[in-house]
>>> print(open('upload25.cif').read())   # mmCIF, C-alpha atoms and all ligand atoms
data_upload
loop_
_atom_site.label_atom_id
_atom_site.label_comp_id
_atom_site.auth_asym_id
_atom_site.auth_seq_id
_atom_site.Cartn_x
_atom_site.Cartn_y
_atom_site.Cartn_z
CA MET A 1 -50.77 -67.14 -7.11
CA VAL A 2 -48.24 -65.52 -9.49
CA HIS A 3 -50.67 -62.79 -10.28
CA ARG A 4 -51.00 -61.80 -6.54
CA LEU A 5 -47.20 -61.69 -6.06
CA PHE A 6 -46.70 -59.66 -9.19
CA GLN A 7 -49.03 -56.83 -8.14
CA PRO A 8 -47.01 -55.48 -5.11
CA PHE A 9 -43.75 -55.91 -7.08
CA PHE A 10 -45.16 -53.82 -9.91
CA LEU A 11 -46.23 -51.12 -7.47
CA LEU A 12 -42.74 -51.13 -5.91
CA GLN A 13 -41.20 -50.79 -9.40
CA LEU A 14 -43.41 -47.80 -10.12
CA LEU A 15 -42.35 -46.17 -6.84
CA CYS A 16 -38.64 -46.72 -7.65
CA ILE A 17 -39.00 -45.22 -11.15
CA SER A 18 -40.85 -42.23 -9.67
CA PHE A 19 -38.04 -41.76 -7.13
CA LEU A 20 -35.22 -42.04 -9.71
CA PHE A 21 -36.76 -39.50 -12.06
CA GLY A 22 -37.51 -37.09 -9.26
CA CYS A 23 -41.29 -37.24 -9.54
CA LYS A 24 -42.75 -35.27 -6.70
CA PRO A 25 -46.21 -33.95 -6.02
CA PRO A 26 -46.61 -30.59 -7.89
CA ASN A 27 -47.04 -28.43 -4.77
CA GLN A 28 -43.68 -29.61 -3.33
CA GLU A 29 -41.92 -28.55 -6.56
CA ILE A 30 -43.37 -25.04 -6.30
CA ILE A 31 -42.25 -24.66 -2.68
CA THR A 32 -38.69 -25.77 -3.59
CA GLU A 33 -38.52 -23.32 -6.52
CA SER A 34 -39.74 -20.36 -4.48
CA LYS A 35 -37.13 -21.14 -1.81
CA LYS A 36 -34.41 -21.11 -4.46
CA VAL A 37 -35.58 -17.75 -5.85
CA GLY A 38 -35.82 -16.30 -2.32
CA THR A 39 -32.26 -17.33 -1.48
CA THR A 40 -30.88 -15.84 -4.72
CA ILE A 41 -32.50 -12.44 -4.07
CA GLU A 42 -31.28 -12.42 -0.48
CA GLN A 43 -27.69 -13.10 -1.56
CA GLU A 44 -27.69 -10.26 -4.09
CA LEU A 45 -28.88 -7.63 -1.59
CA PRO A 46 -26.32 -5.53 0.31
CA LEU A 47 -25.65 -6.74 3.85
CA GLU A 48 -27.21 -3.66 5.37
CA VAL A 49 -30.08 -1.69 3.91
CA THR A 50 -30.75 1.44 5.88
CA GLU A 51 -32.77 4.46 4.96
CA LEU A 52 -30.75 7.67 5.19
CA ASP A 53 -32.08 10.08 7.81
CA TYR A 54 -30.82 13.29 6.23
CA ASP A 55 -31.24 15.41 3.11
CA THR A 56 -28.72 14.00 0.64
CA THR A 57 -28.97 17.08 -1.58
CA GLN A 58 -27.48 19.10 1.30
CA TRP A 59 -25.31 16.64 3.22
CA LYS A 60 -23.15 13.56 2.97
CA GLU A 61 -22.20 11.52 6.01
CA ILE A 62 -18.66 10.22 6.50
CA THR A 63 -18.66 6.98 8.45
CA GLU A 64 -15.90 4.62 9.51
CA ARG A 65 -17.01 2.22 6.76
CA SER A 66 -15.04 4.49 4.40
CA GLY A 67 -11.86 3.71 6.36
CA VAL A 68 -11.55 7.05 8.18
CA VAL A 69 -11.21 7.10 11.95
CA LEU A 70 -13.83 9.18 13.73
CA ASP A 71 -12.94 10.80 17.05
CA ILE A 72 -15.69 13.40 17.21
CA ARG A 73 -14.54 15.20 20.34
CA TYR A 74 -17.44 17.62 20.76
CA ALA A 75 -19.78 14.65 21.22
CA THR A 76 -17.79 13.95 24.40
CA ASP A 77 -16.41 16.14 27.18
CA ASN A 78 -12.87 15.34 25.97
CA ASN A 79 -12.38 18.76 24.38
CA PHE A 80 -11.05 22.14 25.46
CA THR A 81 -14.45 23.24 26.83
CA LYS A 82 -14.75 20.08 29.02
CA ASN A 83 -18.40 20.00 27.94
CA GLN A 84 -20.33 17.81 25.52
CA ILE A 85 -21.44 20.04 22.65
CA TYR A 86 -23.25 17.53 20.36
CA PRO A 87 -25.71 14.88 21.51
CA CYS A 88 -23.99 12.15 19.41
CA PRO A 89 -20.94 11.67 17.18
CA ARG A 90 -21.66 11.86 13.46
CA CYS A 91 -19.63 13.50 10.68
CA PHE A 92 -21.57 15.42 8.03
CA LEU A 93 -20.19 17.64 5.28
CA ARG A 94 -21.51 19.32 2.16
CA PRO A 95 -21.34 16.62 -0.55
CA MET A 96 -18.51 18.28 -2.52
CA MET A 97 -16.36 18.53 0.62
CA ALA A 98 -17.24 14.98 1.72
CA ASP A 99 -16.23 13.60 -1.69
CA LYS A 100 -12.81 15.26 -1.38
CA ILE A 101 -12.26 13.70 2.04
CA LEU A 102 -13.37 10.27 0.82
CA THR A 103 -11.10 10.45 -2.24
CA LEU A 104 -8.16 11.50 -0.08
CA GLN A 105 -8.84 8.63 2.34
CA GLN A 106 -8.81 6.14 -0.56
CA ASP A 107 -5.60 7.63 -2.00
CA ILE A 108 -3.53 7.62 1.20
CA ASN A 109 -4.78 4.19 2.19
CA ARG A 110 -3.94 2.65 -1.17
CA LYS A 111 -0.55 4.36 -1.51
CA TYR A 112 0.73 4.47 2.09
CA GLY A 113 -1.64 2.32 4.19
CA MET A 114 -2.52 5.50 6.11
CA ARG A 115 -5.91 6.77 7.28
CA LEU A 116 -7.53 10.10 8.04
CA LYS A 117 -8.77 10.86 11.54
CA LEU A 118 -11.56 13.39 11.94
CA PHE A 119 -12.18 15.36 15.13
CA ASP A 120 -14.94 17.67 13.87
CA CYS A 121 -16.92 18.13 10.66
CA TYR A 122 -20.13 20.12 10.14
CA ARG A 123 -21.03 21.91 13.34
CA PRO A 124 -24.65 23.14 13.53
CA ARG A 125 -25.03 26.80 14.50
CA PRO A 126 -26.84 25.90 17.77
CA ALA A 127 -23.71 23.90 18.68
CA GLN A 128 -21.58 26.94 17.80
CA GLN A 129 -23.80 29.00 20.14
CA LYS A 130 -23.27 26.43 22.89
CA LEU A 131 -19.50 26.64 22.39
CA TRP A 132 -19.68 30.43 22.48
CA ASN A 133 -21.76 30.41 25.67
CA ILE A 134 -19.07 28.31 27.38
CA VAL A 135 -16.05 30.13 25.87
CA PRO A 136 -17.12 33.65 24.73
CA ASP A 137 -13.66 34.47 23.42
CA ALA A 138 -13.14 35.13 19.71
CA ARG A 139 -9.53 33.95 19.96
CA TYR A 140 -10.79 30.38 20.47
CA VAL A 141 -14.38 30.26 19.18
CA THR A 142 -15.86 32.01 16.15
CA PRO A 143 -18.90 34.07 17.23
CA PRO A 144 -22.11 32.33 16.01
CA THR A 145 -23.26 35.52 14.25
CA ASN A 146 -20.28 35.32 11.89
CA GLY A 147 -20.29 31.53 11.78
CA SER A 148 -17.25 29.40 11.01
CA MET A 149 -16.63 27.21 7.98
CA HIS A 150 -17.70 24.30 10.22
CA ASN A 151 -21.18 25.91 10.45
CA ARG A 152 -21.22 25.87 6.63
CA GLY A 153 -20.33 22.17 6.40
CA LEU A 154 -17.11 23.03 4.59
CA ALA A 155 -14.45 22.48 7.26
CA VAL A 156 -12.83 19.56 9.02
CA ASP A 157 -10.49 19.17 11.95
CA ILE A 158 -8.24 16.38 10.81
CA THR A 159 -5.00 14.47 11.28
CA LEU A 160 -3.20 11.43 9.86
CA VAL A 161 -2.97 7.93 11.30
CA ASP A 162 -0.17 5.58 10.19
CA LYS A 163 -0.59 1.96 9.02
CA ASP A 164 -0.28 0.76 12.63
CA GLY A 165 -3.19 2.97 13.73
CA LYS A 166 -0.95 5.51 15.45
CA GLU A 167 -1.57 9.26 15.09
CA LEU A 168 1.31 11.11 13.46
CA ASP A 169 3.08 13.51 15.83
CA MET A 170 1.88 17.00 14.96
CA GLY A 171 3.57 18.69 17.93
CA THR A 172 0.39 19.46 19.89
CA GLU A 173 -2.96 17.85 20.60
CA PHE A 174 -6.07 18.81 18.63
CA ASP A 175 -7.57 22.07 20.00
CA PHE A 176 -4.36 23.18 21.68
CA PHE A 177 -4.51 26.96 21.58
CA GLY A 178 -1.10 28.60 21.44
CA PRO A 179 1.87 29.33 19.16
CA GLU A 180 2.96 25.66 19.25
CA ALA A 181 -0.10 24.83 17.11
CA TYR A 182 0.55 27.60 14.57
CA THR A 183 1.35 26.41 11.07
CA THR A 184 3.87 29.26 10.82
CA ASN A 185 5.82 27.90 13.79
CA THR A 186 9.10 26.40 12.56
CA ASN A 187 10.58 25.93 16.03
CA LEU A 188 9.48 22.30 16.20
CA PRO A 189 11.16 18.88 15.80
CA VAL A 190 11.96 17.91 12.19
CA ASP A 191 9.49 14.99 12.26
CA VAL A 192 6.65 17.24 13.41
CA LEU A 193 7.38 19.78 10.69
CA LYS A 194 7.48 16.97 8.13
CA ASN A 195 4.17 15.46 9.34
CA ARG A 196 2.41 18.84 9.21
CA LYS A 197 3.81 19.45 5.75
CA VAL A 198 2.50 16.08 4.53
CA LEU A 199 -1.00 16.75 5.94
CA THR A 200 -1.11 20.26 4.48
CA LYS A 201 0.15 19.09 1.09
CA LEU A 202 -2.41 16.26 0.89
CA MET A 203 -5.27 18.59 1.81
CA GLU A 204 -4.11 21.27 -0.64
CA ILE A 205 -3.84 18.76 -3.50
CA HIS A 206 -7.56 18.11 -2.93
CA GLY A 207 -8.41 21.81 -2.88
CA MET A 208 -8.67 22.41 0.87
CA LYS A 209 -6.75 25.12 2.69
CA GLY A 210 -5.46 25.46 6.24
CA ILE A 211 -5.28 28.42 8.62
CA ARG A 212 -2.38 29.99 10.50
CA THR A 213 -3.37 29.18 14.09
CA GLU A 214 -4.55 25.55 13.93
CA TRP A 215 -2.56 22.79 12.16
CA TRP A 216 -5.68 20.52 12.19
CA HIS A 217 -8.21 22.87 10.56
CA PHE A 218 -8.86 22.78 6.79
CA SER A 219 -11.71 24.18 4.74
CA LEU A 220 -13.01 24.37 1.22
CA ARG A 221 -13.51 28.00 0.35
CA THR A 222 -16.39 28.48 -2.02
CA GLU A 223 -18.71 31.35 -2.79
CA ASN A 224 -22.25 31.43 -1.37
CA ALA A 225 -21.46 28.97 1.41
CA GLN A 226 -24.56 29.02 3.59
CA LEU A 227 -24.54 28.80 7.37
CA ASP A 228 -26.80 26.04 8.66
CA ASP A 229 -28.79 25.22 11.80
CA TRP A 230 -29.68 21.64 10.87
CA GLU A 231 -28.98 19.13 13.61
CA TRP A 232 -28.58 15.41 12.87
CA GLU A 233 -30.60 12.64 14.41
CA CYS A 234 -29.29 10.41 17.15
CA GLU A 235 -30.41 6.81 17.70
ZN ZN B 301 -11.83 23.54 12.77
#
>>> encode(input="upload25.cif", output="structure tokens")
Amino acid sequence: MVHRLFQPFFLLQLLCISFLFGCKPPNQEIITESKKVGTTIEQELPLEVTELDYDTTQWKEITERSGVVLDIRYATDNNFTKNQIYPCPRCFLRPMMADKILTLQQDINRKYGMRLKLFDCYRPRPAQQKLWNIVPDARYVTPPTNGSMHNRGLAVDITLVDKDGKELDMGTEFDFFGPEAYTTNTNLPVDVLKNRKVLTKLMEIHGMKGIRTEWWHFSLRTENAQLDDWEWECE
């Protein structure tokens, strides 16, 4: 009688000991371990892994993840030609120019909470041709045969945005063609002159130079800057 009662109790005891010491069938242990390893790897990976769709020895893309504001006007019809010139808005520059822009963005954001806003970066020569076909006037568009610094990936059309996301008053809109946009024009409100001076100074500190007729245009003047026809991919 005692012997029969003892047997199930002993089995129950064994089960309890097995539970307390975490004894599990071997295959379950392996599954749990592999899950742990999988989770660790997943957590260490960057949130987004995308393959770059351009030649990184030639180009570097500036995206809004860097903090800059992109308002690539020639990808829309909101520009002086009233035509869309690019199929999609992306900002590419030669790597050495891109690095200067990215460093400047970091500097002004850290020191003043400000951001850069880009209207135009590298402009492929076919896009320059399209501009020229719409506005064949050398006062406003550089003839594609000569090519502009934009066609070399060494120019940007740029302005400053304050910590509240508001564009600084530069006296005229981007791509306003007339004396009001000239950097030599001193007949402008004090604030406008100050804002232009700040933008020019910041760009010059980083080695980029402006031109007389457009307050927004800056380029990096280097020797052997090649014109380019490469056109970026769109999704
Ligand atoms: Zn420009």
>>> residues_near_ligand(input="upload25.cif", ligand="ligand ZN 301 (chain B)", cutoff="9 Å", atoms="only C-alpha atoms and all ligand atoms", output="list in words")
Phe119, Asp120, Cys121, Ser148, Met149, His150, Ala155, Val156, Asp157, Ile158, Asp175, Glu214, Trp216, His217, Phe218 and Ser219 of chain A
>>> atom_distance(input="upload25.cif", atom1="atom CA of Trp215 of chain A", atom2="atom CA of Arg94 of chain A")
21.7 Å
>>> atom_distance(input="upload25.cif", atom1="atom CA of Asp164 of chain A", atom2="atom CA of Tyr182 of chain A")
26.9 Å
>>> closest_residue(input="upload25.cif", among="A:Pro124, A:Gly67, A:Pro89, A:Pro136", to="Leu154 of chain A", atoms="all atoms listed in the file")
A:Pro124
>>> closest_residue(input="upload25.cif", among="A:Arg196, A:Thr172, A:Thr183, A:Asp229", to="Ala127 of chain A", atoms="all atoms listed in the file")
A:Asp229
>>> atom_distance(input="upload25.cif", atom1="atom CA of Pro189 of chain A", atom2="atom CA of Asp169 of chain A")
9.7 Å
>>> residues_around(input="upload25.cif", residues="Pro87 of chain A", least_positions_apart="4", cutoff="12 Å", atoms="only C-alpha atoms", output="PyMOL selection string")
chain A and resi 72-77+83+123-124+126-127+130+231-235
>>> residues_around(input="upload25.cif", residues="Lys209 of chain A", least_positions_apart="4", cutoff="8 Å", atoms="all atoms listed in the file", output="list in words")
Thr200, Met203, Glu204, Phe218, Ser219, Leu220 and Arg221 of chain A
>>> closest_residue(input="upload25.cif", among="A:Leu202, A:Gly153, A:Leu93, A:Asn195", to="Gln226 of chain A", atoms="all atoms listed in the file")
A:Gly153
>>> residues_near_point(input="upload25.cif", point="(-8.0, 12.8, 7.2)", cutoff="12 Å", atoms="all atoms listed in the file", output="PDB file with C-alpha atoms, in the frame of the given file")
ATOM      1  CA  ILE A  62     -18.660  10.220   6.500  1.00  0.00           C
ATOM      2  CA  GLU A  64     -15.900   4.620   9.510  1.00  0.00           C
ATOM      3  CA  SER A  66     -15.040   4.490   4.400  1.00  0.00           C
ATOM      4  CA  GLY A  67     -11.860   3.710   6.360  1.00  0.00           C
ATOM      5  CA  VAL A  68     -11.550   7.050   8.180  1.00  0.00           C
ATOM      6  CA  VAL A  69     -11.210   7.100  11.950  1.00  0.00           C
ATOM      7  CA  LEU A  70     -13.830   9.180  13.730  1.00  0.00           C
ATOM      8  CA  ASP A  71     -12.940  10.800  17.050  1.00  0.00           C
ATOM      9  CA  ALA A  98     -17.240  14.980   1.720  1.00  0.00           C
ATOM     10  CA  LYS A 100     -12.810  15.260  -1.380  1.00  0.00           C
ATOM     11  CA  ILE A 101     -12.260  13.700   2.040  1.00  0.00           C
ATOM     12  CA  LEU A 102     -13.370  10.270   0.820  1.00  0.00           C
ATOM     13  CA  THR A 103     -11.100  10.450  -2.240  1.00  0.00           C
ATOM     14  CA  LEU A 104      -8.160  11.500  -0.080  1.00  0.00           C
ATOM     15  CA  GLN A 105      -8.840   8.630   2.340  1.00  0.00           C
ATOM     16  CA  GLN A 106      -8.810   6.140  -0.560  1.00  0.00           C
ATOM     17  CA  ASP A 107      -5.600   7.630  -2.000  1.00  0.00           C
ATOM     18  CA  ILE A 108      -3.530   7.620   1.200  1.00  0.00           C
ATOM     19  CA  ASN A 109      -4.780   4.190   2.190  1.00  0.00           C
ATOM     20  CA  MET A 114      -2.520   5.500   6.110  1.00  0.00           C
ATOM     21  CA  ARG A 115      -5.910   6.770   7.280  1.00  0.00           C
ATOM     22  CA  LEU A 116      -7.530  10.100   8.040  1.00  0.00           C
ATOM     23  CA  LYS A 117      -8.770  10.860  11.540  1.00  0.00           C
ATOM     24  CA  LEU A 118     -11.560  13.390  11.940  1.00  0.00           C
ATOM     25  CA  PHE A 119     -12.180  15.360  15.130  1.00  0.00           C
ATOM     26  CA  ASP A 120     -14.940  17.670  13.870  1.00  0.00           C
ATOM     27  CA  CYS A 121     -16.920  18.130  10.660  1.00  0.00           C
ATOM     28  CA  ALA A 155     -14.450  22.480   7.260  1.00  0.00           C
ATOM     29  CA  VAL A 156     -12.830  19.560   9.020  1.00  0.00           C
ATOM     30  CA  ASP A 157     -10.490  19.170  11.950  1.00  0.00           C
ATOM     31  CA  ILE A 158      -8.240  16.380  10.810  1.00  0.00           C
ATOM     32  CA  THR A 159      -5.000  14.470  11.280  1.00  0.00           C
ATOM     33  CA  LEU A 160      -3.200  11.430   9.860  1.00  0.00           C
ATOM     34  CA  VAL A 161      -2.970   7.930  11.300  1.00  0.00           C
ATOM     35  CA  ASP A 162      -0.170   5.580  10.190  1.00  0.00           C
ATOM     36  CA  GLU A 167      -1.570   9.260  15.090  1.00  0.00           C
ATOM     37  CA  LEU A 168       1.310  11.110  13.460  1.00  0.00           C
ATOM     38  CA  VAL A 198       2.500  16.080   4.530  1.00  0.00           C
ATOM     39  CA  LEU A 199      -1.000  16.750   5.940  1.00  0.00           C
ATOM     40  CA  THR A 200      -1.110  20.260   4.480  1.00  0.00           C
ATOM     41  CA  LYS A 201       0.150  19.090   1.090  1.00  0.00           C
ATOM     42  CA  LEU A 202      -2.410  16.260   0.890  1.00  0.00           C
ATOM     43  CA  MET A 203      -5.270  18.590   1.810  1.00  0.00           C
ATOM     44  CA  HIS A 206      -7.560  18.110  -2.930  1.00  0.00           C
ATOM     45  CA  MET A 208      -8.670  22.410   0.870  1.00  0.00           C
ATOM     46  CA  TRP A 216      -5.680  20.520  12.190  1.00  0.00           C
ATOM     47  CA  HIS A 217      -8.210  22.870  10.560  1.00  0.00           C
ATOM     48  CA  PHE A 218      -8.860  22.780   6.790  1.00  0.00           C
TER      49      PHE A 218
END
>>> residues_around(input="upload25.cif", residues="Arg139 of chain A", least_positions_apart="3", cutoff="12 Å", atoms="all atoms listed in the file", output="ChimeraX atom specification")
/A:132,135-136,142-143,177-178,213-214
>>> build_atoms(input="upload25.cif", residues="segment 50-79 of chain A", atoms="N, CA and C atoms", output="tab-separated table (two decimals), keeping the file's coordinate frame")
chain	number	residue	atom	x	y	z
A	50	THR	N	-30.19	0.48	4.94
A	50	THR	CA	-30.75	1.44	5.88
A	50	THR	C	-31.19	2.69	5.12
A	51	GLU	N	-32.27	3.25	5.58
A	51	GLU	CA	-32.77	4.46	4.96
A	51	GLU	C	-31.99	5.65	5.55
A	52	LEU	N	-31.53	6.54	4.69
A	52	LEU	CA	-30.75	7.67	5.19
A	52	LEU	C	-31.67	8.67	5.87
A	53	ASP	N	-31.22	9.20	7.01
A	53	ASP	CA	-32.08	10.08	7.81
A	53	ASP	C	-31.67	11.54	7.66
A	54	TYR	N	-31.19	11.88	6.46
A	54	TYR	CA	-30.82	13.29	6.23
A	54	TYR	C	-31.03	13.62	4.76
A	55	ASP	N	-31.01	14.91	4.47
A	55	ASP	CA	-31.24	15.41	3.11
A	55	ASP	C	-29.95	15.26	2.30
A	56	THR	N	-29.95	14.30	1.39
A	56	THR	CA	-28.72	14.00	0.64
A	56	THR	C	-28.38	15.07	-0.40
A	57	THR	N	-29.31	15.99	-0.66
A	57	THR	CA	-28.97	17.08	-1.58
A	57	THR	C	-28.13	18.13	-0.84
A	58	GLN	N	-28.21	18.12	0.49
A	58	GLN	CA	-27.48	19.10	1.30
A	58	GLN	C	-26.25	18.53	1.99
A	59	TRP	N	-26.33	17.23	2.35
A	59	TRP	CA	-25.31	16.64	3.22
A	59	TRP	C	-24.85	15.28	2.75
A	60	LYS	N	-23.65	14.93	3.17
A	60	LYS	CA	-23.15	13.56	2.97
A	60	LYS	C	-22.48	13.16	4.28
A	61	GLU	N	-22.79	11.97	4.74
A	61	GLU	CA	-22.20	11.52	6.01
A	61	GLU	C	-20.92	10.73	5.75
A	62	ILE	N	-19.90	11.00	6.55
A	62	ILE	CA	-18.66	10.22	6.50
A	62	ILE	C	-18.71	9.25	7.68
A	63	THR	N	-18.65	7.97	7.38
A	63	THR	CA	-18.66	6.98	8.45
A	63	THR	C	-17.35	6.20	8.41
A	64	GLU	N	-17.15	5.39	9.44
A	64	GLU	CA	-15.90	4.62	9.51
A	64	GLU	C	-15.86	3.50	8.48
A	65	ARG	N	-17.00	3.23	7.83
A	65	ARG	CA	-17.01	2.22	6.76
A	65	ARG	C	-16.13	2.66	5.59
A	66	SER	N	-15.89	3.98	5.48
A	66	SER	CA	-15.04	4.49	4.40
A	66	SER	C	-13.55	4.28	4.72
A	67	GLY	N	-13.26	3.92	5.96
A	67	GLY	CA	-11.86	3.71	6.36
A	67	GLY	C	-11.33	4.82	7.25
A	68	VAL	N	-12.02	5.96	7.32
A	68	VAL	CA	-11.55	7.05	8.18
A	68	VAL	C	-11.77	6.66	9.65
A	69	VAL	N	-11.01	7.30	10.52
A	69	VAL	CA	-11.21	7.10	11.95
A	69	VAL	C	-11.99	8.31	12.46
A	70	LEU	N	-13.06	8.06	13.18
A	70	LEU	CA	-13.83	9.18	13.73
A	70	LEU	C	-13.55	9.30	15.23
A	71	ASP	N	-13.16	10.50	15.62
A	71	ASP	CA	-12.94	10.80	17.05
A	71	ASP	C	-13.61	12.16	17.28
A	72	ILE	N	-14.92	12.16	17.19
A	72	ILE	CA	-15.69	13.40	17.21
A	72	ILE	C	-15.75	13.93	18.65
A	73	ARG	N	-14.79	14.79	18.95
A	73	ARG	CA	-14.54	15.20	20.34
A	73	ARG	C	-15.68	16.00	20.97
A	74	TYR	N	-16.40	16.80	20.16
A	74	TYR	CA	-17.44	17.62	20.76
A	74	TYR	C	-18.70	16.81	21.11
A	75	ALA	N	-18.69	15.52	20.77
A	75	ALA	CA	-19.78	14.65	21.22
A	75	ALA	C	-19.43	14.03	22.58
A	76	THR	N	-18.24	14.41	23.08
A	76	THR	CA	-17.79	13.95	24.40
A	76	THR	C	-17.37	15.19	25.20
A	77	ASP	N	-16.94	14.97	26.45
A	77	ASP	CA	-16.41	16.14	27.18
A	77	ASP	C	-14.87	16.19	27.08
A	78	ASN	N	-14.31	15.33	26.20
A	78	ASN	CA	-12.87	15.34	25.97
A	78	ASN	C	-12.52	16.39	24.91
A	79	ASN	N	-12.74	17.65	25.27
A	79	ASN	CA	-12.38	18.76	24.38
A	79	ASN	C	-12.05	19.97	25.26
